[in-house]
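**Student:** You'll find protein28.cif just under this line, and it carries mmCIF, C-alpha atoms.
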```cif
data_protein
#
loop_
_atom_site.label_atom_id
_atom_site.label_comp_id
_atom_site.auth_asym_id
_atom_site.auth_seq_id
_atom_site.Cartn_x
_atom_site.Cartn_y
_atom_site.Cartn_z
CA MET W 1 21.78 -22.80 -9.38
CA GLY W 2 21.63 -19.07 -8.61
CA ARG W 3 17.98 -19.35 -7.68
CA GLN W 4 18.72 -22.33 -5.41
CA LEU W 5 21.49 -20.36 -3.72
CA ALA W 6 19.18 -17.36 -3.25
CA ARG W 7 16.52 -19.64 -1.73
CA LEU W 8 19.09 -21.16 0.64
CA ILE W 9 20.23 -17.70 1.74
CA THR W 10 16.62 -16.65 2.31
CA THR W 11 15.93 -19.76 4.34
CA LEU W 12 19.05 -19.34 6.47
CA ALA W 13 18.22 -15.71 7.10
CA PHE W 14 14.90 -16.73 8.64
CA VAL W 15 16.21 -19.50 10.85
CA PRO W 16 16.28 -17.24 13.95
CA MET W 17 12.70 -16.21 13.24
CA LEU W 18 11.57 -19.80 12.85
CA LEU W 19 13.29 -20.74 16.09
CA ALA W 20 11.54 -17.90 17.84
CA ALA W 21 8.20 -19.11 16.51
CA VAL W 22 8.84 -22.70 17.58
CA THR W 23 10.01 -21.75 21.04
CA GLY W 24 7.17 -19.28 21.49
CA HIS W 25 9.36 -16.20 21.90
CA ALA W 26 7.52 -13.06 20.97
CA LEU W 27 10.36 -11.61 18.94
CA ALA W 28 10.07 -9.26 16.03
CA GLN W 29 13.29 -10.01 14.18
CA LYS W 30 14.85 -8.19 11.32
CA GLY W 31 15.26 -10.47 8.35
CA GLN W 32 17.08 -10.64 5.07
CA TYR W 33 15.61 -11.78 1.75
CA CYS W 34 18.06 -12.95 -0.90
CA GLU W 35 21.39 -11.20 -1.10
CA ARG W 36 22.48 -8.35 1.15
CA THR W 37 23.25 -5.27 -0.94
CA ASN W 38 24.84 -1.91 -0.26
CA TYR W 39 23.54 0.33 -3.03
CA SER W 40 24.93 3.84 -2.88
CA ALA W 41 22.73 6.93 -2.83
CA GLN W 42 23.78 7.60 -6.43
CA GLU W 43 22.80 4.09 -7.55
CA ILE W 44 19.38 4.51 -5.93
CA THR W 45 19.02 7.95 -7.51
CA ASP W 46 19.86 6.45 -10.91
CA ALA W 47 17.13 3.83 -10.41
CA VAL W 48 14.69 6.60 -9.43
CA ARG W 49 15.58 8.50 -12.61
CA ASN W 50 14.90 5.35 -14.65
CA SER W 51 11.52 4.82 -12.98
CA SER W 52 8.09 6.19 -13.82
CA LEU W 53 8.22 8.68 -10.91
CA ARG W 54 6.64 12.06 -11.67
CA ASP W 55 9.03 14.40 -13.41
CA ASP W 56 8.70 17.13 -10.79
CA LEU W 57 9.91 14.72 -8.08
CA LYS W 58 12.67 13.40 -10.32
CA GLY W 59 13.87 16.99 -10.53
CA THR W 60 15.40 16.64 -7.06
CA SER W 61 16.05 12.90 -7.15
CA CYS W 62 19.43 13.20 -5.40
CA SER W 63 17.60 13.45 -2.07
CA LEU W 64 15.53 10.40 -3.00
CA GLY W 65 18.74 8.38 -3.23
CA GLY W 66 19.42 9.69 0.26
CA LEU W 67 15.94 8.56 1.31
CA GLY W 68 16.76 5.01 0.16
CA ARG W 69 19.97 5.04 2.20
CA PHE W 70 18.09 6.40 5.20
CA GLU W 71 15.46 3.66 5.00
CA SER W 72 17.56 0.58 4.24
CA GLY W 73 21.23 1.49 4.18
CA GLY W 74 21.11 0.45 0.52
CA ASN W 75 20.13 -3.14 1.40
CA LYS W 76 17.24 -4.09 -0.85
CA GLY W 77 16.49 -7.41 0.92
CA VAL W 78 16.13 -6.06 4.45
CA TYR W 79 12.89 -6.68 6.40
CA ASN W 80 12.44 -4.58 9.53
CA GLY W 81 10.80 -7.47 11.39
CA SER W 82 7.35 -5.90 11.39
CA CYS W 83 5.85 -4.06 8.45
CA CYS W 84 8.41 -3.01 5.98
CA THR W 85 10.84 -4.38 3.40
CA GLY W 86 13.29 -3.27 0.76
CA ILE W 87 15.26 -0.27 -0.35
CA PHE W 88 12.46 2.19 0.51
CA GLN W 89 10.92 -0.04 3.23
CA LEU W 90 7.53 -0.48 1.62
CA ASN W 91 4.94 -1.86 4.00
CA ASN W 92 3.33 -5.26 3.41
CA ALA W 93 0.07 -3.82 2.08
CA ASN W 94 1.81 -1.53 -0.40
CA VAL W 95 4.07 -4.38 -1.56
CA GLN W 96 0.93 -6.34 -2.40
CA LYS W 97 -0.74 -3.37 -4.09
CA TYR W 98 2.14 -1.87 -6.07
CA ALA W 99 4.48 -4.82 -6.66
CA GLY W 100 1.78 -7.50 -6.98
CA THR W 101 3.68 -9.92 -4.78
CA ASP W 102 4.38 -10.77 -1.15
CA ARG W 103 7.19 -9.52 1.06
CA ALA W 104 9.64 -12.33 0.25
CA GLY W 105 9.09 -11.87 -3.48
CA TYR W 106 9.60 -8.14 -3.14
CA GLY W 107 12.78 -8.45 -1.09
CA CYS W 108 14.30 -10.56 -3.84
CA MET W 109 13.34 -8.21 -6.69
CA SER W 110 16.00 -6.15 -8.43
CA LEU W 111 16.74 -2.63 -7.24
CA GLN W 112 15.03 -1.21 -10.33
CA ASP W 113 11.88 -3.30 -9.86
CA GLN W 114 11.66 -2.24 -6.21
CA VAL W 115 12.13 1.41 -7.10
CA ASP W 116 9.50 1.10 -9.85
CA ALA W 117 6.97 -0.19 -7.28
CA TRP W 118 7.87 2.66 -4.91
CA ALA W 119 7.50 5.15 -7.77
CA ARG W 120 3.99 3.84 -8.50
CA LEU W 121 3.08 4.21 -4.82
CA THR W 122 4.53 7.72 -4.69
CA ASN W 123 2.78 8.81 -7.89
CA ALA W 124 -0.53 7.48 -6.54
CA GLY W 125 0.03 9.24 -3.23
CA TYR W 126 0.50 12.53 -5.02
CA ASN W 127 -3.26 12.82 -5.46
CA ALA W 128 -3.96 12.59 -1.72
CA PRO W 129 -5.40 15.76 -0.13
CA ALA W 130 -2.48 16.03 2.31
CA VAL W 131 0.04 16.04 -0.53
CA LYS W 132 -1.95 18.56 -2.56
CA GLN W 133 -2.10 20.84 0.47
CA LEU W 134 1.63 20.53 1.05
CA ALA W 135 2.45 21.01 -2.61
CA SER W 136 0.63 24.33 -2.54
CA MET W 137 2.93 25.60 0.25
CA SER W 138 6.48 26.80 -0.16
CA THR W 139 7.33 26.07 3.48
CA PHE W 140 5.73 24.06 6.28
CA ASP W 141 6.64 24.82 9.90
CA GLY W 142 9.76 26.54 8.62
CA GLN W 143 10.82 23.60 6.42
CA LYS W 144 11.14 23.97 2.68
CA VAL W 145 8.50 21.90 0.88
CA ASP W 146 10.55 20.18 -1.81
CA ALA W 147 10.58 16.73 -3.43
CA SER W 148 12.09 15.04 -0.40
CA PHE W 149 9.44 16.60 1.83
CA ILE W 150 6.62 15.45 -0.48
CA ALA W 151 8.19 11.99 -0.77
CA ALA W 152 8.54 11.76 3.02
CA CYS W 153 4.88 12.71 3.40
CA ILE W 154 3.87 9.82 1.13
CA GLN W 155 6.52 7.54 2.67
CA LEU W 156 5.07 7.88 6.16
CA GLY W 157 1.54 7.44 4.84
CA THR W 158 -0.75 10.11 3.49
CA GLY W 159 -3.20 9.60 6.36
CA ASN W 160 -0.39 10.16 8.85
CA CYS W 161 0.84 13.11 6.79
CA GLN W 162 -2.63 14.63 6.93
CA LYS W 163 -2.38 14.57 10.73
CA MET W 164 0.82 16.59 10.47
CA VAL W 165 -0.67 19.04 7.96
CA ASN W 166 -3.77 19.51 10.12
CA SER W 167 -1.61 20.22 13.16
CA GLY W 168 0.44 22.83 11.30
CA SER W 169 3.55 21.46 12.96
CA CYS W 170 6.31 18.97 12.15
CA SER W 171 5.55 17.27 15.45
CA GLY W 172 1.95 16.59 14.41
CA PHE W 173 2.90 13.04 13.47
CA SER W 174 5.81 10.77 14.30
CA ASP W 175 6.17 7.02 13.97
CA ILE W 176 6.87 4.71 16.89
CA ASN W 177 10.58 5.57 16.74
CA GLY W 178 9.87 9.28 16.75
CA THR W 179 10.60 9.80 13.05
CA THR W 180 8.75 12.83 11.73
CA ILE W 181 8.09 13.71 8.10
CA CYS W 182 10.24 16.82 8.47
CA GLY W 183 13.03 14.73 10.02
CA MET W 184 12.84 12.12 7.29
CA ALA W 185 13.07 14.79 4.57
CA SER W 186 16.00 16.39 6.32
CA ASN W 187 17.80 13.03 6.62
CA ALA W 188 17.12 12.25 2.96
CA ARG W 189 18.75 15.52 1.91
CA ALA W 190 21.70 14.92 4.21
CA MET W 191 22.28 11.37 2.94
CA ALA W 192 22.22 12.23 -0.76
CA ASP W 193 25.44 11.69 -2.68
CA PRO W 194 27.40 14.95 -2.30
CA ASN W 195 28.44 14.75 -5.96
CA CYS W 196 24.93 14.07 -7.21
CA LYS W 197 23.62 16.69 -9.59
CA ASP W 198 19.89 17.25 -9.61
CA GLY W 199 18.36 17.61 -13.03
CA GLN W 200 16.23 20.49 -14.12
CA ALA W 201 12.82 20.20 -12.53
CA VAL W 202 10.09 19.88 -15.10
CA CYS W 203 7.70 22.71 -14.37
CA GLY W 204 4.01 22.82 -15.11
CA PRO W 205 2.66 25.05 -17.87
CA SER W 206 3.64 28.66 -17.27
CA GLY W 207 2.75 30.31 -20.57
CA PRO W 208 1.05 29.61 -23.89
CA GLY W 209 4.17 28.11 -25.41
CA ASP W 210 4.51 25.63 -22.54
CA PHE W 211 1.12 24.04 -22.83
CA PRO W 212 1.26 20.45 -24.00
CA THR W 213 -0.46 19.67 -27.26
CA LEU W 214 -1.15 16.46 -29.06
CA THR W 215 0.75 17.69 -32.10
CA GLY W 216 3.90 19.76 -31.60
CA PHE W 217 3.61 23.38 -32.67
CA ALA W 218 7.03 23.61 -34.28
CA ALA W 219 6.63 20.41 -36.26
CA ASN W 220 3.03 21.08 -37.26
CA PRO W 221 2.58 24.83 -37.79
CA PRO W 222 -0.90 26.02 -38.78
CA THR W 223 -1.32 27.21 -42.33
CA ALA W 224 -1.15 30.97 -42.87
CA THR W 225 -4.86 31.10 -43.64
CA THR W 226 -5.88 29.45 -40.33
CA ALA W 227 -3.31 31.14 -38.10
CA SER W 228 -4.51 33.98 -35.92
CA ILE W 229 -1.04 35.43 -35.48
CA ILE W 230 1.36 35.44 -38.42
CA VAL W 231 5.04 35.99 -37.71
CA ALA W 232 7.29 36.63 -40.65
CA PRO W 233 10.90 35.38 -40.56
CA THR W 234 12.04 38.98 -40.33
CA ASP W 235 9.95 39.46 -37.17
CA VAL W 236 11.92 36.82 -35.27
CA MET U 237 -0.98 -32.11 18.50
CA ARG U 238 -0.54 -32.70 14.80
CA SER U 239 -4.13 -33.92 14.39
CA PHE U 240 -5.36 -30.84 16.27
CA LEU U 241 -3.47 -28.60 13.85
CA VAL U 242 -4.87 -30.47 10.85
CA ILE U 243 -8.42 -30.17 12.19
CA ALA U 244 -7.88 -26.48 12.89
CA LEU U 245 -6.52 -25.88 9.39
CA VAL U 246 -9.37 -27.76 7.74
CA GLY U 247 -11.82 -25.78 9.81
CA LEU U 248 -10.24 -22.48 8.82
CA THR U 249 -10.16 -23.46 5.15
CA THR U 250 -13.82 -24.43 5.20
CA LEU U 251 -14.78 -21.16 6.82
CA SER U 252 -12.74 -19.08 4.43
CA THR U 253 -14.17 -20.68 1.31
CA ALA U 254 -17.76 -21.03 2.33
CA ALA U 255 -18.28 -17.70 4.15
CA VAL U 256 -20.84 -19.35 6.39
CA ALA U 257 -23.76 -17.14 7.30
CA GLN U 258 -24.41 -16.78 10.98
CA ASP U 259 -27.68 -16.03 12.64
CA GLN U 260 -26.43 -14.01 15.56
CA GLY U 261 -28.11 -11.54 17.76
CA SER U 262 -26.39 -8.34 18.77
CA GLY U 263 -23.63 -8.54 21.31
CA ALA U 264 -21.27 -11.06 19.73
CA TRP U 265 -18.22 -9.73 17.94
CA GLN U 266 -17.29 -11.92 14.99
CA PRO U 267 -13.75 -12.02 13.64
CA MET U 268 -13.80 -11.34 9.91
CA THR U 269 -12.65 -14.18 7.68
CA PHE U 270 -9.56 -13.75 5.49
CA HIS U 271 -9.84 -14.47 1.75
CA ASN U 272 -7.22 -14.62 -0.98
CA PHE U 273 -8.75 -14.27 -4.46
CA GLN U 274 -5.76 -15.53 -6.45
CA THR U 275 -7.62 -18.71 -7.39
CA PRO U 276 -10.53 -17.59 -9.58
CA SER U 277 -13.96 -18.87 -8.59
CA LYS U 278 -17.35 -18.60 -10.24
CA THR U 279 -19.14 -19.74 -7.08
CA ASP U 280 -17.48 -17.54 -4.46
CA THR U 281 -19.96 -14.74 -3.77
CA LEU U 282 -17.16 -12.41 -2.76
CA GLN U 283 -15.51 -12.80 -6.15
CA THR U 284 -18.68 -12.76 -8.23
CA LEU U 285 -20.92 -10.25 -6.43
CA VAL U 286 -18.94 -8.21 -3.94
CA TRP U 287 -15.52 -7.45 -5.47
CA PRO U 288 -15.59 -8.41 -9.19
CA ASP U 289 -14.64 -4.90 -10.31
CA VAL U 290 -11.73 -4.68 -7.88
CA ILE U 291 -10.40 -8.08 -8.98
CA ARG U 292 -10.72 -7.07 -12.66
CA GLU U 293 -8.90 -3.81 -12.02
CA ALA U 294 -6.11 -5.54 -10.08
CA ASN U 295 -5.72 -8.11 -12.87
CA ALA U 296 -5.47 -5.34 -15.45
CA TYR U 297 -2.87 -3.57 -13.30
CA VAL U 298 -0.66 -6.65 -13.14
CA THR U 299 -0.83 -7.38 -16.86
CA THR U 300 -0.63 -3.84 -18.24
CA GLU U 301 1.29 -1.86 -15.60
CA LEU U 302 3.50 -4.56 -14.07
CA LYS U 303 3.61 -6.42 -17.41
CA ARG U 304 3.41 -9.79 -15.71
CA PRO U 305 1.32 -12.76 -16.91
CA LEU U 306 -1.34 -14.09 -14.57
CA ASN U 307 -1.35 -17.62 -16.02
CA GLY U 308 -5.01 -18.20 -15.28
CA LYS U 309 -4.81 -16.82 -11.76
CA ASN U 310 -6.12 -13.56 -10.36
CA ALA U 311 -3.84 -10.82 -9.09
CA LEU U 312 -3.00 -10.91 -5.39
CA VAL U 313 -6.15 -9.37 -3.90
CA THR U 314 -7.13 -10.18 -0.34
CA ALA U 315 -10.26 -9.36 1.60
CA LEU U 316 -11.98 -9.79 4.95
CA SER U 317 -15.63 -10.64 5.31
CA SER U 318 -18.41 -11.42 7.76
CA THR U 319 -21.71 -12.91 6.70
CA TYR U 320 -25.00 -12.60 8.58
CA ARG U 321 -28.51 -13.84 7.98
CA ASP U 322 -31.38 -11.45 8.58
CA GLY U 323 -34.58 -13.36 7.93
CA SER U 324 -34.52 -14.37 4.28
CA ARG U 325 -31.70 -11.99 3.51
CA THR U 326 -27.97 -12.55 3.64
CA ILE U 327 -25.78 -9.63 4.55
CA ILE U 328 -22.09 -9.65 3.67
CA VAL U 329 -19.73 -7.07 5.12
CA SER U 330 -16.37 -7.03 3.40
CA THR U 331 -13.29 -4.89 3.04
CA ALA U 332 -10.64 -5.53 0.38
CA LEU U 333 -7.00 -4.56 0.22
CA SER U 334 -6.75 -2.64 -3.05
CA ARG U 335 -4.89 0.39 -4.37
CA ASP U 336 -7.76 2.53 -3.07
CA CYS U 337 -6.57 1.83 0.47
CA ASP U 338 -4.40 4.14 2.55
CA SER U 339 -1.88 1.74 4.05
CA GLY U 340 0.12 3.71 6.57
CA ALA U 341 3.83 4.24 6.98
CA ASN U 342 6.63 2.81 4.87
CA ASP U 343 9.59 3.20 7.17
CA ALA U 344 12.28 1.15 8.85
CA GLY U 345 11.09 2.49 12.20
CA ALA U 346 7.42 1.80 11.58
CA GLU U 347 5.22 -1.04 12.77
CA ILE U 348 2.20 -2.74 11.24
CA GLU U 349 -0.74 -0.38 10.79
CA PRO U 350 -4.22 -1.14 9.51
CA SER U 351 -5.09 -0.01 5.98
CA THR U 352 -8.14 2.19 5.47
CA CYS U 353 -9.92 0.51 2.59
CA PRO U 354 -13.17 0.44 0.66
CA LEU U 355 -15.85 -1.49 2.56
CA ARG U 356 -18.98 -2.92 1.01
CA ILE U 357 -22.15 -4.14 2.68
CA VAL U 358 -24.06 -6.32 0.25
CA THR U 359 -27.60 -7.51 0.92
CA ILE U 360 -28.63 -10.60 -1.02
CA GLU U 361 -31.98 -12.34 -1.28
CA ASP U 362 -32.74 -15.37 -3.47
CA GLY U 363 -29.32 -15.06 -5.07
CA LYS U 364 -29.97 -11.48 -6.16
CA VAL U 365 -28.22 -8.40 -4.89
CA LEU U 366 -30.76 -6.08 -3.29
CA ALA U 367 -28.38 -3.37 -2.17
CA ILE U 368 -24.71 -2.50 -2.03
CA LYS U 369 -23.59 0.11 0.45
CA THR U 370 -20.07 1.48 0.19
CA ALA U 371 -18.03 3.03 2.95
CA THR U 372 -14.50 2.74 4.31
CA GLY U 373 -13.24 0.32 6.90
CA CYS U 374 -9.98 -0.85 8.35
CA TYR U 375 -8.17 -3.86 6.94
CA ALA U 376 -5.72 -5.88 9.03
CA ASP U 377 -4.88 -9.54 8.61
CA HIS U 378 -2.48 -12.03 10.11
CA ALA U 379 -2.00 -14.29 7.10
CA ASP U 380 1.75 -13.65 7.03
CA PRO U 381 3.54 -16.20 9.26
CA ASP U 382 6.63 -14.01 9.76
CA ILE U 383 4.95 -11.06 11.44
CA PRO U 384 5.80 -10.31 15.07
CA ALA U 385 4.04 -12.38 17.74
CA LYS U 386 2.01 -9.42 18.93
CA ASN U 387 0.48 -9.05 15.44
CA ARG U 388 -0.47 -12.70 14.96
CA ASN U 389 -4.07 -12.04 15.99
CA ASP U 390 -4.50 -8.78 14.06
CA ASN U 391 -7.97 -8.69 12.59
CA SER U 392 -11.14 -6.71 12.06
CA TYR U 393 -14.34 -7.68 13.83
CA THR U 394 -18.01 -7.03 13.17
CA ARG U 395 -21.16 -7.19 15.26
CA PHE U 396 -24.61 -7.26 13.73
CA ASP U 397 -27.58 -5.72 15.50
CA PRO U 398 -30.69 -6.85 13.60
CA ALA U 399 -33.05 -4.73 15.70
CA ALA U 400 -31.14 -1.52 15.08
CA GLY U 401 -30.18 -2.48 11.53
CA THR U 402 -26.54 -1.69 12.17
CA ILE U 403 -23.19 -3.38 11.91
CA ALA U 404 -20.50 -2.30 14.34
CA PHE U 405 -16.89 -2.61 13.22
CA ARG U 406 -13.58 -2.57 15.04
CA THR U 407 -9.97 -3.49 14.27
CA ASN U 408 -7.35 -4.89 16.58
CA VAL U 409 -3.68 -4.44 15.71
CA GLY U 410 -0.83 -5.47 17.97
CA GLY U 411 -3.26 -6.47 20.73
CA ARG U 412 -5.03 -3.11 20.85
CA ASP U 413 -8.15 -1.75 19.23
CA VAL U 414 -7.34 1.09 16.83
CA PRO U 415 -9.57 4.02 17.85
CA GLY U 416 -9.85 5.41 14.30
CA CYS U 417 -11.21 2.09 13.05
CA ALA U 418 -14.31 1.94 15.24
CA ARG U 419 -17.38 2.50 13.06
CA THR U 420 -21.07 1.69 12.99
CA TYR U 421 -22.74 1.19 9.62
CA SER U 422 -26.45 1.32 8.99
CA ILE U 423 -27.73 -1.37 6.65
CA ARG U 424 -31.08 0.29 6.00
#
```
Mind turning this structure into structure tokens?

**Tutor:**
Amino acid sequence: MGRQLARLITTLAFVPMLLAAVTGHALAQKGQYCERTNYSAQEITDAVRNSSLRDDLKGTSCSLGGLGRFESGGNKGVYNGSCCTGIFQLNNANVQKYAGTDRAGYGCMSLQDQVDAWARLTNAGYNAPAVKQLASMSTFDGQKVDASFIAACIQLGTGNCQKMVNSGSCSGFSDINGTTICGMASNARAMADPNCKDGQAVCGPSGPGDFPTLTGFAANPPTATTASIIVAPTDV
Amino acid sequence: MRSFLVIALVGLTTLSTAAVAQDQGSGAWQPMTFHNFQTPSKTDTLQTLVWPDVIREANAYVTTELKRPLNGKNALVTALSSTYRDGSRTIIVSTALSRDCDSGANDAGAEIEPSTCPLRIVTIEDGKVLAIKTATGCYADHADPDIPAKNRNDNSYTRFDPAAGTIAFRTNVGGRDVPGCARTYSIR
């Protein structure tokens, strides 16, 4: 019953588009898949925190909730009439690659499933040269390079982001509506829930004690005979 | 009108499944044919010789990462191809939409962009692969019926020059050729 209702809603939402096709009008119409939602920045942030997104980006996930609001207004079924669908407005190609489905299937997925697909895309984008270059900078054209900046770089496409990085300026790339990566990051920060509390960023190894091991040091201490440094309880 | 549409659809289906080789001299741009690999095939050269590793990897991604059953199908992998005959050899040029592609902007204000994807040029003779060249090429299709009217002819095109041993490549999106997608590949 619920599925039939969802299908009916989807069909009705595309009636204007079908009419345009039949009558030959060259219209790019926004569309709606399944139910219209209005997820808050905090709800989107919570989904990001429950996703497989890299820990260092999760560290400032409040702004990523803001990014979801900026892209879709919290409406997970919205199609922009051209390329992009869902809470983070994934493009058709990335929907196919990271959600394994088509646009209609993606627009009807749950918030968490959509965010999971976006997290996979963002994690994959982290290895792109443009992102690595940005991640090695503390500021770019006067803007702080933080999680929202990195996410915006991947969001607008790493190839497009590379154009911006190569230019050395925020204006080095903008989409057809004039949205720049710097502008998107700034909007994401501004649209975060004001009460949202970012978690502690998980830093990379910074000293011997921080290096990951297959067996935990504290739980599996070396024997005294194999240890190179022996610390007596009185030394602590 | 209806019979025309049926004939056109049958024609398109035949082309897309058979990947007909064309003996063409230089000068004629050929629109690349769209393929969807969701239905597994042991006779489709694109699935068996050109992109088997990409299909396998996409299948593994769906079952292990997305934790979704495939129920005897392949994952949603799509590709474009052109096929040429050069004497006794068949040359297939193909680009596939995979996670190795860079697929442009994800943004409410964005429009359709081509993806920059792996491209393979496979030379076959007597059913055996003689050479596989790898490069990158632009991927754009118009399989989606809900895209804007201006994108309904989006495609990549190839042109084979047997004398020069090259294949020229271009991609049209939204009625315009994308400058960054213009390439010429040597097949020798």

**Student:** What residues in chain W have any atom no more than 6 Å from chain U when counting only C-alpha atoms, and can you write them as an MDAnalysis selection string?

**Tutor:** chainID W and resid 26 28 71 80 82:83 89:91 97 155:157 175 177

**Student:** Expressed in Å to a single decimal, how great is the separation between CA of Ala104 in chain W and CA of Phe273 in chain U?

**Tutor:**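 Between CA of Ala104 in chain W and CA of Phe273 in chain U the gap is 19.1 Å.
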
**Student:** Might you spell out which residues the PyMOL selection byres ((chain U and resi 371) around 7) would select in the displayed file, as a list of chain:residue names?

**Tutor:** U:Pro354, U:Leu355, U:Arg356, U:Lys369, U:Thr370, U:Thr372, U:Gly373

**Student:** Which residues are near Ala151 in chain W? Cut-off 10 Å, only C-alpha atoms, ignore same chain within fewer than 3 positions. Put them as a VMD selection string.

**Tutor:** chain W and resid 57 63 to 64 67 119 122 to 123 125 to 126 131 146 to 148 154 to 157 181 184 to 185 188

**Student:** Point out the residue among W:Thr180, W:Ala117, W:Phe88, W:Ser110 with the least atom-to-atom distance to Gly73 in chain W, counting only C-alpha atoms.

**Tutor:** W:Phe88

**Student:** Looking at all atoms listed in the file, which of U:Glu293, U:Ala379, U:Ala404, U:Gly410 is the one that sits closest to Asp102 in chain W?

**Tutor:** U:Ala379

**Student:** What residues have an atom no more than 12 Å from (-12.4, -11.2, -9.1) in the file's own frame, counting only C-alpha atoms, and can you write them as a VMD selection string?

**Tutor:** chain U and resid 271 to 296 308 to 315 332 334

**Student:** Since we have the selection now, will you write its residues out, keeping C-alpha atoms, as an mmCIF file, in the coordinates of the input?

**Tutor:**
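Result saved to again-v2.cif:
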```cif
data_model
loop_
_atom_site.group_PDB
_atom_site.id
_atom_site.type_symbol
_atom_site.label_atom_id
_atom_site.label_comp_id
_atom_site.auth_asym_id
_atom_site.auth_seq_id
_atom_site.Cartn_x
_atom_site.Cartn_y
_atom_site.Cartn_z
ATOM 1 C CA HIS U 271 -9.840 -14.470 1.750
ATOM 2 C CA ASN U 272 -7.220 -14.620 -0.980
ATOM 3 C CA PHE U 273 -8.750 -14.270 -4.460
ATOM 4 C CA GLN U 274 -5.760 -15.530 -6.450
ATOM 5 C CA THR U 275 -7.620 -18.710 -7.390
ATOM 6 C CA PRO U 276 -10.530 -17.590 -9.580
ATOM 7 C CA SER U 277 -13.960 -18.870 -8.590
ATOM 8 C CA LYS U 278 -17.350 -18.600 -10.240
ATOM 9 C CA THR U 279 -19.140 -19.740 -7.080
ATOM 10 C CA ASP U 280 -17.480 -17.540 -4.460
ATOM 11 C CA THR U 281 -19.960 -14.740 -3.770
ATOM 12 C CA LEU U 282 -17.160 -12.410 -2.760
ATOM 13 C CA GLN U 283 -15.510 -12.800 -6.150
ATOM 14 C CA THR U 284 -18.680 -12.760 -8.230
ATOM 15 C CA LEU U 285 -20.920 -10.250 -6.430
ATOM 16 C CA VAL U 286 -18.940 -8.210 -3.940
ATOM 17 C CA TRP U 287 -15.520 -7.450 -5.470
ATOM 18 C CA PRO U 288 -15.590 -8.410 -9.190
ATOM 19 C CA ASP U 289 -14.640 -4.900 -10.310
ATOM 20 C CA VAL U 290 -11.730 -4.680 -7.880
ATOM 21 C CA ILE U 291 -10.400 -8.080 -8.980
ATOM 22 C CA ARG U 292 -10.720 -7.070 -12.660
ATOM 23 C CA GLU U 293 -8.900 -3.810 -12.020
ATOM 24 C CA ALA U 294 -6.110 -5.540 -10.080
ATOM 25 C CA ASN U 295 -5.720 -8.110 -12.870
ATOM 26 C CA ALA U 296 -5.470 -5.340 -15.450
ATOM 27 C CA GLY U 308 -5.010 -18.200 -15.280
ATOM 28 C CA LYS U 309 -4.810 -16.820 -11.760
ATOM 29 C CA ASN U 310 -6.120 -13.560 -10.360
ATOM 30 C CA ALA U 311 -3.840 -10.820 -9.090
ATOM 31 C CA LEU U 312 -3.000 -10.910 -5.390
ATOM 32 C CA VAL U 313 -6.150 -9.370 -3.900
ATOM 33 C CA THR U 314 -7.130 -10.180 -0.340
ATOM 34 C CA ALA U 315 -10.260 -9.360 1.600
ATOM 35 C CA ALA U 332 -10.640 -5.530 0.380
ATOM 36 C CA SER U 334 -6.750 -2.640 -3.050
#
```

**Student:** Expand the PyMOL selection byres ((chain W and resi 45) around 8) into the individual residues it matches in the shown file, reporting them as a list in words.

**Tutor:** Ala41, Gln42, Glu43, Ile44, Asp46, Ala47, Val48, Arg49, Ser61, Cys62, Ser63, Leu64, Gly65 and Gly66 of chain W

**Student:** For the structure just given, write the atoms of range 82-90 of chain W, namely N, CA and C atoms, as a PDB file, in the first residue's frame.

**Tutor:**
```pdb
ATOM      1  N   SER W  82      17.882  18.590 -14.071  1.00  0.00           N
ATOM      2  CA  SER W  82      18.976  18.418 -15.022  1.00  0.00           C
ATOM      3  C   SER W  82      19.870  17.250 -14.621  1.00  0.00           C
ATOM      4  N   CYS W  83      20.743  17.526 -13.651  1.00  0.00           N
ATOM      5  CA  CYS W  83      21.749  16.505 -13.324  1.00  0.00           C
ATOM      6  C   CYS W  83      21.550  15.823 -11.992  1.00  0.00           C
ATOM      7  N   CYS W  84      20.907  16.524 -11.055  1.00  0.00           N
ATOM      8  CA  CYS W  84      21.224  16.196  -9.664  1.00  0.00           C
ATOM      9  C   CYS W  84      19.991  15.946  -8.787  1.00  0.00           C
ATOM     10  N   THR W  85      20.141  15.018  -7.861  1.00  0.00           N
ATOM     11  CA  THR W  85      19.004  14.543  -7.075  1.00  0.00           C
ATOM     12  C   THR W  85      19.409  14.317  -5.618  1.00  0.00           C
ATOM     13  N   GLY W  86      18.465  14.546  -4.735  1.00  0.00           N
ATOM     14  CA  GLY W  86      18.616  14.094  -3.356  1.00  0.00           C
ATOM     15  C   GLY W  86      19.164  15.121  -2.395  1.00  0.00           C
ATOM     16  N   ILE W  87      19.393  14.674  -1.187  1.00  0.00           N
ATOM     17  CA  ILE W  87      19.729  15.567  -0.083  1.00  0.00           C
ATOM     18  C   ILE W  87      21.020  16.337  -0.363  1.00  0.00           C
ATOM     19  N   PHE W  88      22.007  15.662  -0.992  1.00  0.00           N
ATOM     20  CA  PHE W  88      23.264  16.321  -1.348  1.00  0.00           C
ATOM     21  C   PHE W  88      23.375  16.558  -2.860  1.00  0.00           C
ATOM     22  N   GLN W  89      22.255  16.378  -3.577  1.00  0.00           N
ATOM     23  CA  GLN W  89      22.206  16.639  -5.024  1.00  0.00           C
ATOM     24  C   GLN W  89      23.318  15.907  -5.780  1.00  0.00           C
ATOM     25  N   LEU W  90      23.368  14.601  -5.600  1.00  0.00           N
ATOM     26  CA  LEU W  90      24.322  13.796  -6.366  1.00  0.00           C
ATOM     27  C   LEU W  90      23.939  13.805  -7.841  1.00  0.00           C
TER      28      LEU W  90
END
```
